[in-house]
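Undergrad: Input file: data-v6.pdb. Contents: PDB, C-alpha atoms.
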ATOM      1  CA  MET A   1      11.466  42.768 -75.450
ATOM      2  CA  VAL A   2      10.427  39.281 -74.274
ATOM      3  CA  TRP A   3      12.376  37.111 -71.877
ATOM      4  CA  ASP A   4      11.916  34.151 -69.560
ATOM      5  CA  LEU A   5      13.458  34.552 -66.112
ATOM      6  CA  GLN A   6      13.634  30.769 -65.747
ATOM      7  CA  THR A   7      15.758  30.177 -68.845
ATOM      8  CA  SER A   8      17.791  33.373 -69.048
ATOM      9  CA  ASN A   9      20.758  35.037 -67.379
ATOM     10  CA  TRP A  10      18.725  37.622 -65.450
ATOM     11  CA  HIS A  11      19.887  37.814 -61.847
ATOM     12  CA  VAL A  12      20.248  40.156 -58.886
ATOM     13  CA  ARG A  13      23.689  40.980 -57.499
ATOM     14  CA  PRO A  14      25.391  43.657 -55.364
ATOM     15  CA  ALA A  15      26.123  46.922 -57.152
ATOM     16  CA  ARG A  16      29.655  47.508 -58.465
ATOM     17  CA  LEU A  17      31.558  50.695 -59.199
ATOM     18  CA  ASP A  18      31.174  50.102 -62.939
ATOM     19  CA  ASP A  19      27.380  50.228 -62.475
ATOM     20  CA  LEU A  20      27.489  53.970 -61.794
ATOM     21  CA  ASP A  21      26.586  55.080 -65.317
ATOM     22  CA  GLY A  22      23.734  52.564 -65.493
ATOM     23  CA  LEU A  23      22.383  53.602 -62.087
ATOM     24  CA  LEU A  24      22.541  57.248 -63.085
ATOM     25  CA  MET A  25      20.542  56.504 -66.242
ATOM     26  CA  LEU A  26      17.955  54.656 -64.142
ATOM     27  CA  ALA A  27      17.772  57.536 -61.661
ATOM     28  CA  GLU A  28      17.270  60.067 -64.436
ATOM     29  CA  SER A  29      14.382  58.013 -65.855
ATOM     30  CA  ALA A  30      12.643  57.640 -62.465
ATOM     31  CA  ASP A  31       9.758  59.791 -61.311
ATOM     32  CA  GLU A  32      10.392  62.461 -58.718
ATOM     33  CA  GLY A  33      10.137  61.022 -55.237
ATOM     34  CA  MET A  34      12.657  58.165 -55.575
ATOM     35  CA  THR A  35      14.693  59.450 -52.641
ATOM     36  CA  ASN A  36      16.879  56.329 -52.492
ATOM     37  CA  LEU A  37      17.843  56.750 -56.154
ATOM     38  CA  PRO A  38      18.907  60.401 -56.521
ATOM     39  CA  PRO A  39      19.920  61.497 -60.060
ATOM     40  CA  ASN A  40      23.256  62.693 -58.763
ATOM     41  CA  ARG A  41      26.515  61.013 -59.774
ATOM     42  CA  LYS A  42      28.363  61.863 -56.565
ATOM     43  CA  ALA A  43      25.543  60.663 -54.305
ATOM     44  CA  LEU A  44      25.102  57.434 -56.278
ATOM     45  CA  GLY A  45      28.836  56.791 -56.249
ATOM     46  CA  GLU A  46      28.909  57.205 -52.484
ATOM     47  CA  ARG A  47      26.014  54.751 -52.161
ATOM     48  CA  ILE A  48      27.834  52.140 -54.234
ATOM     49  CA  GLU A  49      31.006  52.549 -52.161
ATOM     50  CA  ARG A  50      29.034  52.322 -48.933
ATOM     51  CA  SER A  51      27.343  49.143 -50.167
ATOM     52  CA  ILE A  52      30.622  47.560 -51.245
ATOM     53  CA  ASP A  53      32.067  48.287 -47.810
ATOM     54  CA  ALA A  54      29.033  46.673 -46.124
ATOM     55  CA  PHE A  55      29.226  43.518 -48.252
ATOM     56  CA  ASP A  56      32.985  43.218 -47.664
ATOM     57  CA  ARG A  57      32.900  43.522 -43.864
ATOM     58  CA  ASP A  58      32.253  40.783 -41.312
ATOM     59  CA  ILE A  59      29.229  42.070 -39.409
ATOM     60  CA  ALA A  60      27.965  40.523 -36.188
ATOM     61  CA  GLN A  61      24.907  42.767 -35.915
ATOM     62  CA  PRO A  62      23.386  45.616 -37.950
ATOM     63  CA  GLU A  63      24.771  49.077 -37.397
ATOM     64  CA  ASN A  64      24.019  51.502 -40.219
ATOM     65  CA  GLU A  65      24.819  49.628 -43.439
ATOM     66  CA  LEU A  66      23.414  50.141 -46.919
ATOM     67  CA  TYR A  67      23.115  47.164 -49.271
ATOM     68  CA  LEU A  68      22.550  48.190 -52.875
ATOM     69  CA  LEU A  69      21.352  45.503 -55.303
ATOM     70  CA  VAL A  70      20.928  45.652 -59.073
ATOM     71  CA  LEU A  71      19.023  43.554 -61.611
ATOM     72  CA  ASP A  72      21.548  42.370 -64.217
ATOM     73  CA  ASP A  73      20.299  41.228 -67.630
ATOM     74  CA  GLY A  74      23.181  38.784 -67.955
ATOM     75  CA  THR A  75      25.478  41.101 -69.910
ATOM     76  CA  GLY A  76      26.396  43.425 -67.053
ATOM     77  CA  SER A  77      23.754  45.997 -68.001
ATOM     78  CA  ILE A  78      21.338  46.839 -65.210
ATOM     79  CA  ALA A  79      17.582  47.102 -65.575
ATOM     80  CA  GLY A  80      16.601  47.848 -61.993
ATOM     81  CA  THR A  81      17.757  48.417 -58.453
ATOM     82  CA  ALA A  82      16.665  47.938 -54.842
ATOM     83  CA  CYS A  83      18.298  48.486 -51.479
ATOM     84  CA  LEU A  84      18.218  47.684 -47.781
ATOM     85  CA  PHE A  85      19.146  49.936 -44.865
ATOM     86  CA  SER A  86      20.192  47.584 -42.091
ATOM     87  CA  LYS A  87      19.319  49.813 -39.117
ATOM     88  CA  VAL A  88      17.578  53.138 -39.653
ATOM     89  CA  GLY A  89      17.678  56.075 -37.279
ATOM     90  CA  GLN A  90      21.363  55.863 -36.396
ATOM     91  CA  THR A  91      23.048  58.771 -38.189
ATOM     92  CA  TRP A  92      19.929  60.946 -37.877
ATOM     93  CA  PRO A  93      16.404  60.292 -36.570
ATOM     94  CA  PHE A  94      14.011  58.323 -38.764
ATOM     95  CA  TYR A  95      10.675  60.114 -38.719
ATOM     96  CA  THR A  96       7.127  59.040 -39.503
ATOM     97  CA  TYR A  97       3.740  60.406 -38.548
ATOM     98  CA  ARG A  98       1.732  58.102 -36.286
ATOM     99  CA  LEU A  99      -2.027  58.423 -36.733
ATOM    100  CA  THR A 100      -3.944  58.233 -33.450
ATOM    101  CA  GLN A 101      -7.316  59.257 -32.083
ATOM    102  CA  ILE A 102      -8.225  61.473 -29.168
ATOM    103  CA  VAL A 103     -11.729  61.694 -27.677
ATOM    104  CA  HIS A 104     -13.248  65.023 -26.589
ATOM    105  CA  HIS A 105     -16.306  64.993 -24.335
ATOM    106  CA  SER A 106     -18.363  67.735 -22.737
ATOM    107  CA  ARG A 107     -21.038  66.599 -20.291
ATOM    108  CA  GLU A 108     -22.463  70.118 -20.034
ATOM    109  CA  LEU A 109     -22.993  70.431 -23.811
ATOM    110  CA  GLY A 110     -23.747  66.787 -24.331
ATOM    111  CA  GLN A 111     -21.124  66.539 -27.043
ATOM    112  CA  ARG A 112     -18.570  63.836 -27.706
ATOM    113  CA  TYR A 113     -16.370  63.428 -30.749
ATOM    114  CA  CYS A 114     -13.167  61.696 -31.863
ATOM    115  CA  GLU A 115     -10.309  63.534 -33.513
ATOM    116  CA  ASP A 116      -7.610  61.977 -35.685
ATOM    117  CA  MET A 117      -4.152  63.316 -34.881
ATOM    118  CA  LEU A 118      -0.727  63.026 -36.464
ATOM    119  CA  HIS A 119       2.168  62.643 -34.015
ATOM    120  CA  LEU A 120       5.788  62.967 -35.107
ATOM    121  CA  SER A 121       7.376  59.627 -34.269
ATOM    122  CA  ASN A 122      10.699  57.775 -34.169
ATOM    123  CA  ASP A 123       8.980  54.420 -33.616
ATOM    124  CA  PHE A 124      10.918  52.633 -36.375
ATOM    125  CA  GLY A 125      14.383  53.508 -35.115
ATOM    126  CA  GLY A 126      16.521  50.364 -35.254
ATOM    127  CA  ALA A 127      14.405  48.580 -37.881
ATOM    128  CA  THR A 128      15.664  47.426 -41.277
ATOM    129  CA  GLU A 129      14.161  49.367 -44.166
ATOM    130  CA  VAL A 130      13.654  47.861 -47.615
ATOM    131  CA  GLY A 131      13.309  50.484 -50.310
ATOM    132  CA  GLY A 132      14.623  52.004 -53.499
ATOM    133  CA  LEU A 133      12.817  49.480 -55.727
ATOM    134  CA  PHE A 134      12.879  50.727 -59.315
ATOM    135  CA  LEU A 135      12.709  48.969 -62.681
ATOM    136  CA  HIS A 136      13.304  50.413 -66.118
ATOM    137  CA  SER A 137       9.936  50.836 -67.832
ATOM    138  CA  ALA A 138      10.914  48.411 -70.624
ATOM    139  CA  CYS A 139      11.561  45.594 -68.144
ATOM    140  CA  ARG A 140       8.415  45.606 -66.019
ATOM    141  CA  ALA A 141       7.025  42.230 -67.011
ATOM    142  CA  ASN A 142       7.323  38.474 -66.487
ATOM    143  CA  GLY A 143       8.180  38.660 -62.788
ATOM    144  CA  THR A 144      11.207  40.979 -62.886
ATOM    145  CA  GLY A 145       9.735  43.171 -60.153
ATOM    146  CA  ARG A 146       9.029  40.154 -57.950
ATOM    147  CA  LEU A 147      12.569  38.845 -58.498
ATOM    148  CA  LEU A 148      14.120  42.183 -57.580
ATOM    149  CA  ALA A 149      11.842  42.800 -54.593
ATOM    150  CA  ARG A 150      12.164  39.304 -53.114
ATOM    151  CA  SER A 151      15.941  39.193 -53.604
ATOM    152  CA  ARG A 152      16.154  41.547 -50.611
ATOM    153  CA  TYR A 153      14.404  39.008 -48.382
ATOM    154  CA  MET A 154      16.634  36.204 -49.651
ATOM    155  CA  LEU A 155      19.601  38.346 -48.626
ATOM    156  CA  ILE A 156      18.090  38.847 -45.161
ATOM    157  CA  GLY A 157      17.432  35.119 -44.848
ATOM    158  CA  GLN A 158      20.962  34.269 -45.882
ATOM    159  CA  PHE A 159      22.627  36.730 -43.496
ATOM    160  CA  PRO A 160      20.154  37.382 -40.629
ATOM    161  CA  ASN A 161      22.881  38.759 -38.363
ATOM    162  CA  ARG A 162      23.269  41.727 -40.721
ATOM    163  CA  PHE A 163      19.647  42.870 -40.317
ATOM    164  CA  SER A 164      17.037  43.680 -37.698
ATOM    165  CA  CYS A 165      14.249  41.265 -36.816
ATOM    166  CA  ARG A 166      11.835  44.102 -37.666
ATOM    167  CA  ILE A 167      11.490  45.018 -41.354
ATOM    168  CA  MET A 168       9.639  48.084 -42.659
ATOM    169  CA  ALA A 169       9.034  49.975 -45.880
ATOM    170  CA  GLU A 170       7.651  53.383 -46.841
ATOM    171  CA  LEU A 171       5.619  53.874 -49.997
ATOM    172  CA  ARG A 172       5.025  57.020 -51.997
ATOM    173  CA  GLY A 173       1.924  58.953 -51.111
ATOM    174  CA  TRP A 174      -0.814  60.233 -53.374
ATOM    175  CA  VAL A 175      -0.056  62.914 -55.949
ATOM    176  CA  ALA A 176      -2.742  64.792 -57.881
ATOM    177  CA  PRO A 177      -3.042  64.277 -61.656
ATOM    178  CA  ASN A 178      -1.669  67.780 -62.187
ATOM    179  CA  GLY A 179       1.432  66.902 -60.163
ATOM    180  CA  SER A 180       0.491  68.820 -57.033
ATOM    181  CA  THR A 181       1.167  67.279 -53.622
ATOM    182  CA  PRO A 182      -1.824  68.064 -51.361
ATOM    183  CA  PHE A 183      -0.513  66.751 -48.046
ATOM    184  CA  TRP A 184       2.898  68.365 -48.431
ATOM    185  CA  ASP A 185       1.366  71.637 -49.590
ATOM    186  CA  SER A 186      -0.885  71.664 -46.505
ATOM    187  CA  VAL A 187       1.757  70.679 -43.937
ATOM    188  CA  GLY A 188       5.433  70.380 -44.802
ATOM    189  CA  ARG A 189       5.706  73.249 -47.238
ATOM    190  CA  ASN A 190       4.747  75.669 -44.471
ATOM    191  CA  PHE A 191       7.946  74.788 -42.619
ATOM    192  CA  PHE A 192      10.430  73.895 -45.382
ATOM    193  CA  HIS A 193       9.409  76.545 -47.947
ATOM    194  CA  MET A 194      10.246  74.380 -50.943
ATOM    195  CA  PRO A 195       8.411  71.998 -53.297
ATOM    196  CA  LEU A 196       8.178  68.342 -52.253
ATOM    197  CA  ALA A 197      10.453  67.244 -55.105
ATOM    198  CA  GLU A 198      13.153  69.608 -53.889
ATOM    199  CA  ALA A 199      12.822  68.397 -50.288
ATOM    200  CA  ASP A 200      13.008  64.765 -51.470
ATOM    201  CA  ARG A 201      16.027  65.516 -53.607
ATOM    202  CA  TYR A 202      17.803  67.363 -50.787
ATOM    203  CA  GLY A 203      17.158  64.543 -48.312
ATOM    204  CA  GLY A 204      18.258  61.898 -50.799
ATOM    205  CA  ILE A 205      21.601  63.607 -51.262
ATOM    206  CA  ASN A 206      22.304  65.213 -47.874
ATOM    207  CA  GLY A 207      20.409  63.099 -45.345
ATOM    208  CA  ASN A 208      17.505  63.894 -43.026
ATOM    209  CA  GLN A 209      18.997  66.171 -40.395
ATOM    210  CA  PHE A 210      17.115  69.100 -41.922
ATOM    211  CA  ILE A 211      13.877  67.312 -41.012
ATOM    212  CA  ALA A 212      14.872  67.266 -37.352
ATOM    213  CA  ASP A 213      15.758  70.945 -37.587
ATOM    214  CA  LEU A 214      12.562  72.215 -39.235
ATOM    215  CA  MET A 215       9.722  69.732 -38.800
ATOM    216  CA  PRO A 216       6.970  70.817 -36.353
ATOM    217  CA  LYS A 217       7.156  68.786 -33.150
ATOM    218  CA  TYR A 218       3.562  69.190 -31.956
ATOM    219  CA  PRO A 219       0.635  66.960 -32.964
ATOM    220  CA  ILE A 220      -1.461  67.991 -35.964
ATOM    221  CA  TYR A 221      -5.254  67.754 -35.843
ATOM    222  CA  VAL A 222      -6.346  66.142 -39.107
ATOM    223  CA  SER A 223      -9.632  68.080 -38.989
ATOM    224  CA  MET A 224      -7.628  71.307 -39.316
ATOM    225  CA  LEU A 225      -6.265  70.214 -42.696
ATOM    226  CA  PRO A 226      -8.236  71.051 -45.859
ATOM    227  CA  GLN A 227     -11.085  68.588 -46.306
ATOM    228  CA  PRO A 228      -9.814  67.187 -49.648
ATOM    229  CA  VAL A 229      -6.470  66.318 -48.025
ATOM    230  CA  ARG A 230      -7.781  64.226 -45.137
ATOM    231  CA  PRO A 231      -8.761  61.031 -47.055
ATOM    232  CA  LEU A 232      -5.372  61.067 -48.820
ATOM    233  CA  ILE A 233      -3.487  60.263 -45.605
ATOM    234  CA  GLY A 234      -2.169  56.710 -46.019
ATOM    235  CA  LYS A 235      -3.180  56.524 -49.693
ATOM    236  CA  VAL A 236      -0.510  55.052 -51.968
ATOM    237  CA  HIS A 237       0.714  56.672 -55.186
ATOM    238  CA  GLU A 238      -0.637  54.807 -58.223
ATOM    239  CA  SER A 239       2.917  54.017 -59.413
ATOM    240  CA  SER A 240       3.626  52.335 -56.055
ATOM    241  CA  ALA A 241       0.476  50.214 -55.986
ATOM    242  CA  PRO A 242       2.264  47.166 -57.501
ATOM    243  CA  ALA A 243       5.036  47.495 -54.907
ATOM    244  CA  LEU A 244       2.452  47.606 -52.112
ATOM    245  CA  LYS A 245       0.824  44.453 -53.486
ATOM    246  CA  LEU A 246       4.193  42.661 -53.516
ATOM    247  CA  LEU A 247       4.856  43.727 -49.936
ATOM    248  CA  MET A 248       1.455  42.577 -48.692
ATOM    249  CA  ASN A 249       1.822  39.231 -50.480
ATOM    250  CA  GLU A 250       5.178  38.775 -48.752
ATOM    251  CA  GLY A 251       3.662  39.189 -45.293
ATOM    252  CA  PHE A 252       3.896  42.921 -44.592
ATOM    253  CA  ARG A 253       0.951  44.669 -42.962
ATOM    254  CA  LEU A 254      -0.212  48.255 -42.972
ATOM    255  CA  THR A 255       0.585  50.274 -39.862
ATOM    256  CA  GLU A 256      -0.831  53.406 -38.286
ATOM    257  CA  HIS A 257       2.221  55.302 -39.585
ATOM    258  CA  VAL A 258       2.592  57.429 -42.714
ATOM    259  CA  ASP A 259       5.449  59.252 -44.410
ATOM    260  CA  ILE A 260       5.970  62.751 -43.046
ATOM    261  CA  PHE A 261       6.343  64.337 -46.497
ATOM    262  CA  ASP A 262       3.556  62.860 -48.636
ATOM    263  CA  ALA A 263       1.573  60.771 -46.074
ATOM    264  CA  GLY A 264       2.241  57.545 -48.005
ATOM    265  CA  PRO A 265       1.592  54.305 -46.076
ATOM    266  CA  VAL A 266       4.223  52.560 -43.967
ATOM    267  CA  VAL A 267       4.210  48.753 -43.736
ATOM    268  CA  GLU A 268       6.121  46.380 -41.478
ATOM    269  CA  CYS A 269       6.750  42.690 -40.852
ATOM    270  CA  ARG A 270       8.911  40.534 -38.625
ATOM    271  CA  ALA A 271      11.769  39.050 -40.619
ATOM    272  CA  SER A 272      10.792  35.523 -39.612
ATOM    273  CA  ASP A 273       7.282  36.073 -41.031
ATOM    274  CA  LEU A 274       8.452  37.046 -44.517
ATOM    275  CA  LYS A 275       7.390  34.279 -46.902
ATOM    276  CA  ALA A 276      10.784  34.226 -48.587
ATOM    277  CA  ILE A 277      12.302  33.455 -45.188
ATOM    278  CA  ALA A 278       9.580  31.376 -43.525
ATOM    279  CA  ASP A 279       9.322  29.041 -46.549
ATOM    280  CA  ARG A 280      13.017  29.105 -47.403
ATOM    281  CA  GLU A 281      14.858  25.786 -47.813
ATOM    282  CA  CYS A 282      18.511  24.980 -48.416
ATOM    283  CA  GLY A 283      19.999  22.178 -50.433
ATOM    284  CA  VAL A 284      23.060  21.071 -52.338
ATOM    285  CA  VAL A 285      23.003  21.021 -56.132
ATOM    286  CA  ALA A 286      23.065  17.359 -57.116
ATOM    287  CA  SER A 287      23.010  17.748 -60.886
ATOM    288  CA  LEU A 288      22.583  20.269 -63.651
ATOM    289  CA  GLY A 289      19.738  19.479 -66.014
ATOM    290  CA  ASN A 290      19.759  20.507 -69.643
ATOM    291  CA  GLN A 291      16.012  21.078 -69.592
ATOM    292  CA  PRO A 292      14.042  22.938 -66.935
ATOM    293  CA  LYS A 293      12.475  20.519 -64.457
ATOM    294  CA  GLY A 294      10.283  20.877 -61.430
ATOM    295  CA  ARG A 295       8.695  24.008 -60.048
ATOM    296  CA  PRO A 296       9.872  27.618 -60.589
ATOM    297  CA  ALA A 297      11.887  28.751 -57.596
ATOM    298  CA  LEU A 298      13.666  31.838 -56.370
ATOM    299  CA  MET A 299      17.239  30.823 -55.590
ATOM    300  CA  SER A 300      20.223  32.493 -53.952
ATOM    301  CA  LYS A 301      23.802  31.692 -53.101
ATOM    302  CA  GLY A 302      27.096  33.288 -52.216
ATOM    303  CA  SER A 303      28.353  35.668 -49.558
ATOM    304  CA  GLY A 304      29.557  39.232 -49.710
ATOM    305  CA  ARG A 305      29.861  40.599 -53.226
ATOM    306  CA  ASP A 306      29.375  37.063 -54.587
ATOM    307  CA  PHE A 307      25.696  37.053 -53.538
ATOM    308  CA  ARG A 308      23.408  36.126 -56.427
ATOM    309  CA  CYS A 309      19.639  35.672 -56.666
ATOM    310  CA  TRP A 310      17.800  34.284 -59.697
ATOM    311  CA  VAL A 311      14.765  32.288 -60.845
ATOM    312  CA  ASP A 312      15.220  28.631 -61.734
ATOM    313  CA  HIS A 313      13.506  25.233 -61.790
ATOM    314  CA  THR A 314      14.106  22.825 -58.944
ATOM    315  CA  SER A 315      13.204  19.294 -57.944
ATOM    316  CA  SER A 316      14.612  16.882 -55.412
ATOM    317  CA  ASP A 317      16.089  13.441 -55.859
ATOM    318  CA  PRO A 318      15.395  10.664 -53.304
ATOM    319  CA  ALA A 319      18.223  11.950 -51.122
ATOM    320  CA  GLY A 320      16.543  15.346 -50.930
ATOM    321  CA  LEU A 321      19.218  17.204 -52.902
ATOM    322  CA  THR A 322      18.240  20.144 -55.015
ATOM    323  CA  ARG A 323      18.495  19.882 -58.758
ATOM    324  CA  GLN A 324      18.617  22.955 -60.938
ATOM    325  CA  GLY A 325      18.819  23.651 -64.624
ATOM    326  CA  GLU A 326      20.596  26.965 -64.931
ATOM    327  CA  ARG A 327      24.043  28.426 -64.704
ATOM    328  CA  PHE A 328      24.490  30.295 -61.422
ATOM    329  CA  ALA A 329      25.352  27.310 -59.218
ATOM    330  CA  GLU A 330      27.631  24.320 -59.695
ATOM    331  CA  VAL A 331      27.189  20.727 -58.581
ATOM    332  CA  GLY A 332      28.039  20.478 -54.894
ATOM    333  CA  GLU A 333      27.197  24.121 -54.126
ATOM    334  CA  GLU A 334      24.654  24.937 -51.421
ATOM    335  CA  VAL A 335      21.773  27.142 -52.509
ATOM    336  CA  ALA A 336      18.716  28.559 -50.788
ATOM    337  CA  HIS A 337      15.399  28.316 -52.592
ATOM    338  CA  VAL A 338      11.756  29.210 -52.154
ATOM    339  CA  GLU A 339       8.756  28.914 -54.446
ATOM    340  CA  PHE A 340       8.653  31.810 -56.891
TER
END
If you took the structure in this file and wrote it as C-alpha cells, what would it be?
TA:
Amino acid sequence: MVWDLQTSNWHVRPARLDDLDGLLMLAESADEGMTNLPPNRKALGERIERSIDAFDRDIAQPENELYLLVLDDGTGSIAGTACLFSKVGQTWPFYTYRLTQIVHHSRELGQRYCEDMLHLSNDFGGATEVGGLFLHSACRANGTGRLLARSRYMLIGQFPNRFSCRIMAELRGWVAPNGSTPFWDSVGRNFFHMPLAEADRYGGINGNQFIADLMPKYPIYVSMLPQPVRPLIGKVHESSAPALKLLMNEGFRLTEHVDIFDAGPVVECRASDLKAIADRECGVVASLGNQPKGRPALMSKGSGRDFRCWVDHTSSDPAGLTRQGERFAEVGEEVAHVEF
C-alpha cells in the first residue's frame, strides 16, 4: 500500500463509539505491553466514552482526562491510535523508579565506592502523559507515525488549559529475544507472582492500585540484581526505538526515571519547549489551491470532537494568510500549522 499524506485524506481525529471494532482489531494485533491499548472490548469502550466526555466538556485546567485519538485513512477506517492523559497520579499514584547514587566510604579500610539505587517515586504526579502510540504494521511508512505522534502536541498547543506544562512519556523496556523479561523477573515478579504480560494487562484494564498495594517501598541496590540485568535498566525495547527517536526530535529528554515493571526509559519536556508548540503558527485560509504549493506542514483545526490534524502544503500571500491545498479547512477558517 502506497500513499502520500500530503495529497490524501489521512488525518487524526478524536475516537468515536463506532471506532470500537477497529480499535479492538488494532489492540489484538499489538505486541504485549501496550497497556494503553488493552485487547478488551469493555475496557476500550470505556476509554472511548471517557475521551468523548473530555472533548465535550469545557475544561479550565487539567483534572484526570483521557484524550483518545485515531489515525483515519479517509474512509472512517482507523490505522493507528495515540492518547494523552491530562494529569496523571490523580485516581491512583503514578509510579516510576528514580535511579540515584549513594557513596559508601570507610576510612579504616581505605575503601570508597558508589552504588546505584532504585527509589520508588511519584515525581511525575500532575504531569501530562503522552502514550498509547500504535500503528498497524501495514501503515508504518511515509510519515504516518510522525503525523500520529505530533498530533498530540498540536492538540496541547491548541488547548493548553487542558494539559499540564510538564509533559512525559514512558517507553517499553528491553525484552530478551526469547520473550523473557529480565528486569521484571528479577524484581516485580517476586512481589506480584505473575508474568509481566499479565501484570500489564491487569493494570491496563483495572488501573494501578494493585501497584500501590504490592510494590516494595524500600530502595533497591542495583548491584544486588543479577549482573546481566543491570545494563538493561533504561534500555528501550527495539519496537519502541522509533518512538523514542520521535520524542527526542520533538524536544523530550531522558530522565533518571525508569518504568517500574520493565525498566524502560522515561522522558519529559516542558510543553512550551515542544517543537510542535514552540514553532507553531496560526493563520486564516486565504485560498484553496488545486495543486500542492509551498512546504509540507502539519496542520490542525477545530475544537472538541471536531479537532482534526493532517499534513498539507502551505505558503503565505503578501498579507501573511495561510494557503492550503487540501480538504480539511475552508477559506476563512483559522488553522494552526508547523513544519512537518
Undergrad: Nearest to A:Leu37: which of A:Phe210, A:Tyr153, A:Phe134, A:Trp184 is it, counting only C-alpha atoms?
TA: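 Using only C-alpha atoms, the shortest distance to A:Leu37 belongs to A:Phe134.
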Undergrad: Work out how far apart atom CA of A:Met299 and atom CA of A:Gly126 are and give it in Å to one decimal.
TA: 28.2 Å
Undergrad: Check which residues satisfy the PyMOL selection byres ((chain A and resi 79) around 8) in the file shown, then give them as a PDB file with C-alpha atoms, in the coordinates of the input.
TA:
ATOM      1  CA  LEU A  26      17.955  54.656 -64.142  1.00  0.00           C
ATOM      2  CA  VAL A  70      20.928  45.652 -59.073  1.00  0.00           C
ATOM      3  CA  LEU A  71      19.023  43.554 -61.611  1.00  0.00           C
ATOM      4  CA  ASP A  72      21.548  42.370 -64.217  1.00  0.00           C
ATOM      5  CA  ASP A  73      20.299  41.228 -67.630  1.00  0.00           C
ATOM      6  CA  SER A  77      23.754  45.997 -68.001  1.00  0.00           C
ATOM      7  CA  ILE A  78      21.338  46.839 -65.210  1.00  0.00           C
ATOM      8  CA  GLY A  80      16.601  47.848 -61.993  1.00  0.00           C
ATOM      9  CA  THR A  81      17.757  48.417 -58.453  1.00  0.00           C
ATOM     10  CA  LEU A 135      12.709  48.969 -62.681  1.00  0.00           C
ATOM     11  CA  HIS A 136      13.304  50.413 -66.118  1.00  0.00           C
ATOM     12  CA  CYS A 139      11.561  45.594 -68.144  1.00  0.00           C
TER      13      CYS A 139
END
Undergrad: So that each row is one residue of stretch 124-211 of chain A with an atom at most 6 Å from stretch 87-102 of chain A, can you give its shortest atom pair and the distance in Å to one decimal, using only C-alpha atoms, rows by chain and rising number, as a Markdown table?
TA:
| residue | atom | partner | partner_atom | distance |
| --- | --- | --- | --- | --- |
| A:Gly125 | CA | A:Gly89 | CA | 4.7 |
| A:Gly126 | CA | A:Lys87 | CA | 4.8 |
| A:Ala127 | CA | A:Lys87 | CA | 5.2 |
| A:Thr128 | CA | A:Lys87 | CA | 4.9 |
| A:Gln209 | CA | A:Trp92 | CA | 5.9 |
Undergrad: Take the PyMOL selection byres ((chain A and resi 225-240) around 8), run it mentally on this structure, and tell me the resulting residues as a list in words.
TA: Leu171, Arg172, Gly173, Trp174, Val175, Pro182, Phe183, Ser186, Tyr221, Val222, Ser223, Met224, Ala241, Pro242, Ala243, Leu244, His257, Val258, Ala263, Gly264, Pro265 and Val266 of chain A
Undergrad: Please save C-alpha atoms of the selected residues as a compact mmCIF listing (two decimals), keeping the file's coordinate frame.
TA:
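Output below, filename out.txt:
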# COMPACT_ATOMS: atom_id res chain seq x y z
CA LEU A 171 5.62 53.87 -50.00
CA ARG A 172 5.03 57.02 -52.00
CA GLY A 173 1.92 58.95 -51.11
CA TRP A 174 -0.81 60.23 -53.37
CA VAL A 175 -0.06 62.91 -55.95
CA PRO A 182 -1.82 68.06 -51.36
CA PHE A 183 -0.51 66.75 -48.05
CA SER A 186 -0.88 71.66 -46.50
CA TYR A 221 -5.25 67.75 -35.84
CA VAL A 222 -6.35 66.14 -39.11
CA SER A 223 -9.63 68.08 -38.99
CA MET A 224 -7.63 71.31 -39.32
CA ALA A 241 0.48 50.21 -55.99
CA PRO A 242 2.26 47.17 -57.50
CA ALA A 243 5.04 47.50 -54.91
CA LEU A 244 2.45 47.61 -52.11
CA HIS A 257 2.22 55.30 -39.58
CA VAL A 258 2.59 57.43 -42.71
CA ALA A 263 1.57 60.77 -46.07
CA GLY A 264 2.24 57.54 -48.00
CA PRO A 265 1.59 54.30 -46.08
CA VAL A 266 4.22 52.56 -43.97
Undergrad: Assuming the chain letters and numbering stay as they are in my file, what does the PyMOL selection byres ((chain A and resi 304) around 12) actually select? List them as a PyMOL selection string.
TA: chain A and resi 13-15+51-59+67-69+155+158-159+162+301-303+305-308
Undergrad: Include C-alpha atoms and write out the residues we just selected as an mmCIF file, keeping the file's coordinate frame.
TA:
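Ended up saving to part_20.cif:
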data_model
loop_
_atom_site.group_PDB
_atom_site.id
_atom_site.type_symbol
_atom_site.label_atom_id
_atom_site.label_comp_id
_atom_site.auth_asym_id
_atom_site.auth_seq_id
_atom_site.Cartn_x
_atom_site.Cartn_y
_atom_site.Cartn_z
ATOM 1 C CA ARG A 13 23.689 40.980 -57.499
ATOM 2 C CA PRO A 14 25.391 43.657 -55.364
ATOM 3 C CA ALA A 15 26.123 46.922 -57.152
ATOM 4 C CA SER A 51 27.343 49.143 -50.167
ATOM 5 C CA ILE A 52 30.622 47.560 -51.245
ATOM 6 C CA ASP A 53 32.067 48.287 -47.810
ATOM 7 C CA ALA A 54 29.033 46.673 -46.124
ATOM 8 C CA PHE A 55 29.226 43.518 -48.252
ATOM 9 C CA ASP A 56 32.985 43.218 -47.664
ATOM 10 C CA ARG A 57 32.900 43.522 -43.864
ATOM 11 C CA ASP A 58 32.253 40.783 -41.312
ATOM 12 C CA ILE A 59 29.229 42.070 -39.409
ATOM 13 C CA TYR A 67 23.115 47.164 -49.271
ATOM 14 C CA LEU A 68 22.550 48.190 -52.875
ATOM 15 C CA LEU A 69 21.352 45.503 -55.303
ATOM 16 C CA LEU A 155 19.601 38.346 -48.626
ATOM 17 C CA GLN A 158 20.962 34.269 -45.882
ATOM 18 C CA PHE A 159 22.627 36.730 -43.496
ATOM 19 C CA ARG A 162 23.269 41.727 -40.721
ATOM 20 C CA LYS A 301 23.802 31.692 -53.101
ATOM 21 C CA GLY A 302 27.096 33.288 -52.216
ATOM 22 C CA SER A 303 28.353 35.668 -49.558
ATOM 23 C CA ARG A 305 29.861 40.599 -53.226
ATOM 24 C CA ASP A 306 29.375 37.063 -54.587
ATOM 25 C CA PHE A 307 25.696 37.053 -53.538
ATOM 26 C CA ARG A 308 23.408 36.126 -56.427
#
Undergrad: Nearest to A:Leu196: which of A:Asp262, A:Glu46, A:Asp116, A:Glu339 is it, counting all atoms listed in the file?
TA: A:Asp262
Undergrad: So the first atom is atom CA of A:Arg140 and the second is atom CA of A:Ser272; what is the distance between them in Å, to one decimal place?
TA: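 So the answer is 28.4 Å.
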